Amino acid sequence: MSKYWSGLVRNIEPYVPGEQPKDKTYIKLNTNENPYPPSPKVLEAMKQAANENIRLYPTPTCDELRSCIAQYYGLTNKEQVFMGNGSDELLAFVFLAFFNPGSPILFPDITYSFYPVYASLFHIDYRPVPLDGNFSIPIKEFFKKNGGIIFPNPNAPTGKYITLGSIEDILKQNTNQVVVVDEAYIDFGGESAVKLINNYPNLLVVQTLSKSRSLAGLRVGFAMGHEDLIEGINRVKNSINSYTLDRVALAGAMASFADEEYFQNTRRKVIATREKTIFRLLEIGFTVIPSQANFIFISHPLTSAGDIYQQLREKGILVRYFNKPRIDNFLRVSIGSDEEMEYFLKALAEII
Ligand code: PMP
């Protein structure tokens with residue numbers, strides 16, 4: 001530990017992202033990326049944007065893209081949209097904008113492991129709410145006194161989804177604090193809570209272009225909510241960095257929302273492959289948690305998850321293994337192409 005580190009950095013256990021091996025021969029089912037490329041129109045728009053104008057700063061307020069997203073989701077105006085450099089960056093701003101030290105926030109346990117990291121870094125107290133025996137989010141636990149709420153829907157790494165009715169129940173019980181619904185995986189089967197934002201001024205819906213739009217490498221995330229919430233996040237962002245989205249990212253994101261057909265086709269293909277994979281896994285004795293995401297959470301009664309993880313790795317397949325209590329016999333497997341999943345299933349059959 002360096003004597004130069006500040007107190008903030010000394011006490012933090014940073015988030016560790018999934019492995020990105022340089023060796024391209026691995027089948028990567030470990031970081032929930034999309035197996036399909038982005039729309040050719042997105043790539044073309046990005047090439048066009050990589051021109052001499054790159055010497056100029058991009059628009060700091062991402063106005064055109066925010067208008068485009070507002071229109072896409074049927075919102076009143078662009079002041080209900082905030083753009084971030086990936087939803088991870090945006091979520092960090094959200095923690096700073098809405099949560100306070102001394103007023104514990106709630107999030108599920110198990111969930112996206114970045115939440116406790118942000119909370120620790122910003123000295124925000126938190127109370128993890130254990131999932132129930134079926135790995136479901138216990139809705140009523142979120143009715144208890146709190147300083148704010150955040151959860152992914154579908155949850156990660158379980159893939160389990162809660163209904164808009166349950167989200168409304170949570171919102172009604174928590175009108176004095178912000179409820180953040182992290183919809184990184186919503187396009188793979190769930191219904192977005194964005195339609196609730198006009199009724200609930202304390203609801204913030206966060207989405208990303210990383211998963212369903214095949215743009216993890218571009219770093220574009222966005223939040224939708226009441227103008228007052230968006231202004232709060234802007235206060236944080238404008239106190240840290242003016243230009244969070246570059247010119248190429250802005251052009252690529254715009255083009256993605258313009259190619260609806262490509263988006264729908266890709267998303268449907270991933271869902272179809274997920275359902276086929278689940279069917280086959282059940283046939284060979286796996287427990288599979290029902291998933292509305294582009295990944296599945298699986299366990300085998302006879303072979304330990306750690307062993308399966310290691311042996312898959314030796315066969316050139318990367319999946320995610322969380323060596324944590326309660327889930328140490330589970331693997332999270334991203335949905336790849338049909339061919340990749342076929343290869344994965346064949347490898348599994350040799351292991352178990
Ligand atoms: N939220 C959840 C639940 C996630 O799993 C991820 C991806 N790891 C993110 C947010 C962040 O995605 P990105 O920063 O690529 O938008």
# chains A, B, ... in the order shown; residues from 1 in each chain; ligands from 1
>>> closest_atom_pairs(of="chain A", to="ligand 1", cutoff="8 Å", atoms="only C-alpha atoms and all ligand atoms", output="Markdown table")
| residue | atom | partner | partner_atom_place_in_ligand_line | distance |
| --- | --- | --- | --- | --- |
| A:Pro17 | CA | ligand 1 | 8 (N) | 7.5 |
| A:Thr31 | CA | ligand 1 | 8 (N) | 6.9 |
| A:Asn32 | CA | ligand 1 | 7 (C) | 7.3 |
| A:Asn85 | CA | ligand 1 | 14 (O) | 7.3 |
| A:Gly86 | CA | ligand 1 | 16 (O) | 3.8 |
| A:Ser87 | CA | ligand 1 | 16 (O) | 3.6 |
| A:Asp88 | CA | ligand 1 | 14 (O) | 3.9 |
| A:Glu89 | CA | ligand 1 | 14 (O) | 6.6 |
| A:Leu90 | CA | ligand 1 | 14 (O) | 8.0 |
| A:Leu91 | CA | ligand 1 | 10 (C) | 7.7 |
| A:Thr111 | CA | ligand 1 | 3 (C) | 7.5 |
| A:Tyr112 | CA | ligand 1 | 3 (C) | 5.1 |
| A:Phe151 | CA | ligand 1 | 3 (C) | 7.9 |
| A:Pro152 | CA | ligand 1 | 3 (C) | 5.2 |
| A:Asn153 | CA | ligand 1 | 3 (C) | 7.8 |
| A:Pro154 | CA | ligand 1 | 3 (C) | 7.9 |
| A:Asn155 | CA | ligand 1 | 3 (C) | 6.7 |
| A:Ala156 | CA | ligand 1 | 3 (C) | 5.5 |
| A:Pro157 | CA | ligand 1 | 5 (O) | 7.5 |
| A:Asp182 | CA | ligand 1 | 1 (N) | 5.8 |
| A:Glu183 | CA | ligand 1 | 3 (C) | 7.0 |
| A:Ala184 | CA | ligand 1 | 1 (N) | 5.1 |
| A:Tyr185 | CA | ligand 1 | 3 (C) | 7.2 |
| A:Gln207 | CA | ligand 1 | 16 (O) | 7.1 |
| A:Thr208 | CA | ligand 1 | 16 (O) | 4.4 |
| A:Leu209 | CA | ligand 1 | 16 (O) | 6.4 |
| A:Ser210 | CA | ligand 1 | 15 (O) | 4.8 |
| A:Lys211 | CA | ligand 1 | 15 (O) | 7.4 |
| A:Ala216 | CA | ligand 1 | 15 (O) | 5.3 |
| A:Gly217 | CA | ligand 1 | 15 (O) | 7.9 |
| A:Arg219 | CA | ligand 1 | 15 (O) | 6.0 |
| A:Val220 | CA | ligand 1 | 16 (O) | 6.1 |
| A:Gly221 | CA | ligand 1 | 16 (O) | 4.9 |
>>> residues_around(residues="region 306-308 of chain A", least_positions_apart="2", cutoff="12 Å", atoms="only C-alpha atoms", output="count of residues only")
37
>>> residues_around(residues="region 266-270 of chain A", least_positions_apart="6", cutoff="8 Å", atoms="only C-alpha atoms", output="PDB file with N, CA and C atoms, in the first residue's frame")
ATOM      1  N   TYR A  36     -23.355 -10.903 -31.464  1.00  0.00           N
ATOM      2  CA  TYR A  36     -23.524 -10.377 -32.825  1.00  0.00           C
ATOM      3  C   TYR A  36     -22.915  -8.977 -32.923  1.00  0.00           C
ATOM      4  N   ASP A 187     -33.870  -5.526 -22.380  1.00  0.00           N
ATOM      5  CA  ASP A 187     -34.326  -5.816 -23.750  1.00  0.00           C
ATOM      6  C   ASP A 187     -34.385  -7.306 -24.063  1.00  0.00           C
ATOM      7  N   PHE A 188     -33.935  -8.135 -23.128  1.00  0.00           N
ATOM      8  CA  PHE A 188     -33.945  -9.580 -23.397  1.00  0.00           C
ATOM      9  C   PHE A 188     -35.169 -10.268 -22.797  1.00  0.00           C
ATOM     10  N   SER A 212     -27.839  -5.255 -25.411  1.00  0.00           N
ATOM     11  CA  SER A 212     -28.776  -5.561 -26.495  1.00  0.00           C
ATOM     12  C   SER A 212     -28.403  -4.856 -27.796  1.00  0.00           C
ATOM     13  N   ASN A 294     -29.518 -11.804 -20.971  1.00  0.00           N
ATOM     14  CA  ASN A 294     -28.716 -12.478 -21.998  1.00  0.00           C
ATOM     15  C   ASN A 294     -27.650 -13.367 -21.352  1.00  0.00           C
ATOM     16  N   ILE A 335     -25.128 -15.671 -23.038  1.00  0.00           N
ATOM     17  CA  ILE A 335     -25.651 -16.353 -24.232  1.00  0.00           C
ATOM     18  C   ILE A 335     -24.849 -15.900 -25.454  1.00  0.00           C
ATOM     19  N   GLY A 336     -24.183 -16.869 -26.075  1.00  0.00           N
ATOM     20  CA  GLY A 336     -23.415 -16.592 -27.292  1.00  0.00           C
ATOM     21  C   GLY A 336     -24.247 -16.909 -28.521  1.00  0.00           C
ATOM     22  N   SER A 337     -23.583 -17.102 -29.644  1.00  0.00           N
ATOM     23  CA  SER A 337     -24.292 -17.501 -30.871  1.00  0.00           C
ATOM     24  C   SER A 337     -24.730 -18.966 -30.713  1.00  0.00           C
TER      25      SER A 337
END
>>> residues_around(residues="Ile139 (chain A)", least_positions_apart="2", cutoff="9 Å", atoms="only C-alpha atoms", output="list in words")
Ser136, Ile137, Glu141, Phe142, Phe143, Ile162, Ser166, Ile167, Asp169 and Ile170 of chain A
>>> write_last_selection(atoms="C-alpha atoms", output="short mmCIF file (atom, residue, chain, number, x, y, z; two decimals), in the first residue's frame")
data_model
loop_
_atom_site.label_atom_id
_atom_site.label_comp_id
_atom_site.auth_asym_id
_atom_site.auth_seq_id
_atom_site.Cartn_x
_atom_site.Cartn_y
_atom_site.Cartn_z
CA SER A 136 -36.05 -13.72 -6.00
CA ILE A 137 -35.96 -10.13 -4.77
CA GLU A 141 -38.12 -5.82 2.38
CA PHE A 142 -37.83 -2.72 0.22
CA PHE A 143 -40.75 -1.14 2.08
CA ILE A 162 -39.65 -8.51 -11.24
CA SER A 166 -43.87 -4.92 -7.94
CA ILE A 167 -41.77 -1.92 -8.95
CA ASP A 169 -45.36 -1.19 -5.03
CA ILE A 170 -41.77 -0.29 -4.14
#
>>> select_by_dssp(residues="region 228-310 of chain A", states="alpha helix (DSSP H)", output="PyMOL selection string")
chain A and resi 228-237+247-258+260-283+305-310
>>> closest_residue(among="A:Ile284, A:Leu204, A:Leu229, A:Ile278", to="Ile296 (chain A)", atoms="only C-alpha atoms")
A:Ile278
>>> decode(residues="region 165-176 of chain A", atoms="N, CA and C atoms", output="PDB file, in the first residue's frame")
ATOM      1  N   GLY A 165     -45.632  -4.155 -11.694  1.00  0.00           N
ATOM      2  CA  GLY A 165     -46.515  -4.039 -10.532  1.00  0.00           C
ATOM      3  C   GLY A 165     -45.706  -4.009  -9.247  1.00  0.00           C
ATOM      4  N   SER A 166     -44.713  -4.897  -9.145  1.00  0.00           N
ATOM      5  CA  SER A 166     -43.866  -4.923  -7.941  1.00  0.00           C
ATOM      6  C   SER A 166     -43.039  -3.641  -7.838  1.00  0.00           C
ATOM      7  N   ILE A 167     -42.565  -3.165  -8.980  1.00  0.00           N
ATOM      8  CA  ILE A 167     -41.771  -1.921  -8.953  1.00  0.00           C
ATOM      9  C   ILE A 167     -42.649  -0.765  -8.476  1.00  0.00           C
ATOM     10  N   GLU A 168     -43.912  -0.752  -8.940  1.00  0.00           N
ATOM     11  CA  GLU A 168     -44.827   0.308  -8.479  1.00  0.00           C
ATOM     12  C   GLU A 168     -45.063   0.203  -6.982  1.00  0.00           C
ATOM     13  N   ASP A 169     -45.185  -1.025  -6.479  1.00  0.00           N
ATOM     14  CA  ASP A 169     -45.363  -1.193  -5.029  1.00  0.00           C
ATOM     15  C   ASP A 169     -44.179  -0.577  -4.277  1.00  0.00           C
ATOM     16  N   ILE A 170     -42.972  -0.841  -4.781  1.00  0.00           N
ATOM     17  CA  ILE A 170     -41.775  -0.291  -4.135  1.00  0.00           C
ATOM     18  C   ILE A 170     -41.787   1.243  -4.209  1.00  0.00           C
ATOM     19  N   LEU A 171     -42.168   1.765  -5.386  1.00  0.00           N
ATOM     20  CA  LEU A 171     -42.175   3.227  -5.564  1.00  0.00           C
ATOM     21  C   LEU A 171     -43.170   3.898  -4.618  1.00  0.00           C
ATOM     22  N   LYS A 172     -44.346   3.269  -4.458  1.00  0.00           N
ATOM     23  CA  LYS A 172     -45.383   3.872  -3.614  1.00  0.00           C
ATOM     24  C   LYS A 172     -44.963   3.952  -2.153  1.00  0.00           C
ATOM     25  N   GLN A 173     -44.119   2.996  -1.740  1.00  0.00           N
ATOM     26  CA  GLN A 173     -43.688   2.969  -0.340  1.00  0.00           C
ATOM     27  C   GLN A 173     -42.465   3.852  -0.096  1.00  0.00           C
ATOM     28  N   ASN A 174     -41.907   4.432  -1.153  1.00  0.00           N
ATOM     29  CA  ASN A 174     -40.627   5.142  -1.004  1.00  0.00           C
ATOM     30  C   ASN A 174     -40.649   6.480  -1.729  1.00  0.00           C
ATOM     31  N   THR A 175     -41.680   7.285  -1.448  1.00  0.00           N
ATOM     32  CA  THR A 175     -41.851   8.502  -2.247  1.00  0.00           C
ATOM     33  C   THR A 175     -40.828   9.592  -1.904  1.00  0.00           C
ATOM     34  N   ASN A 176     -40.145   9.446  -0.767  1.00  0.00           N
ATOM     35  CA  ASN A 176     -39.216  10.517  -0.363  1.00  0.00           C
ATOM     36  C   ASN A 176     -37.778  10.276  -0.768  1.00  0.00           C
TER      37      ASN A 176
END
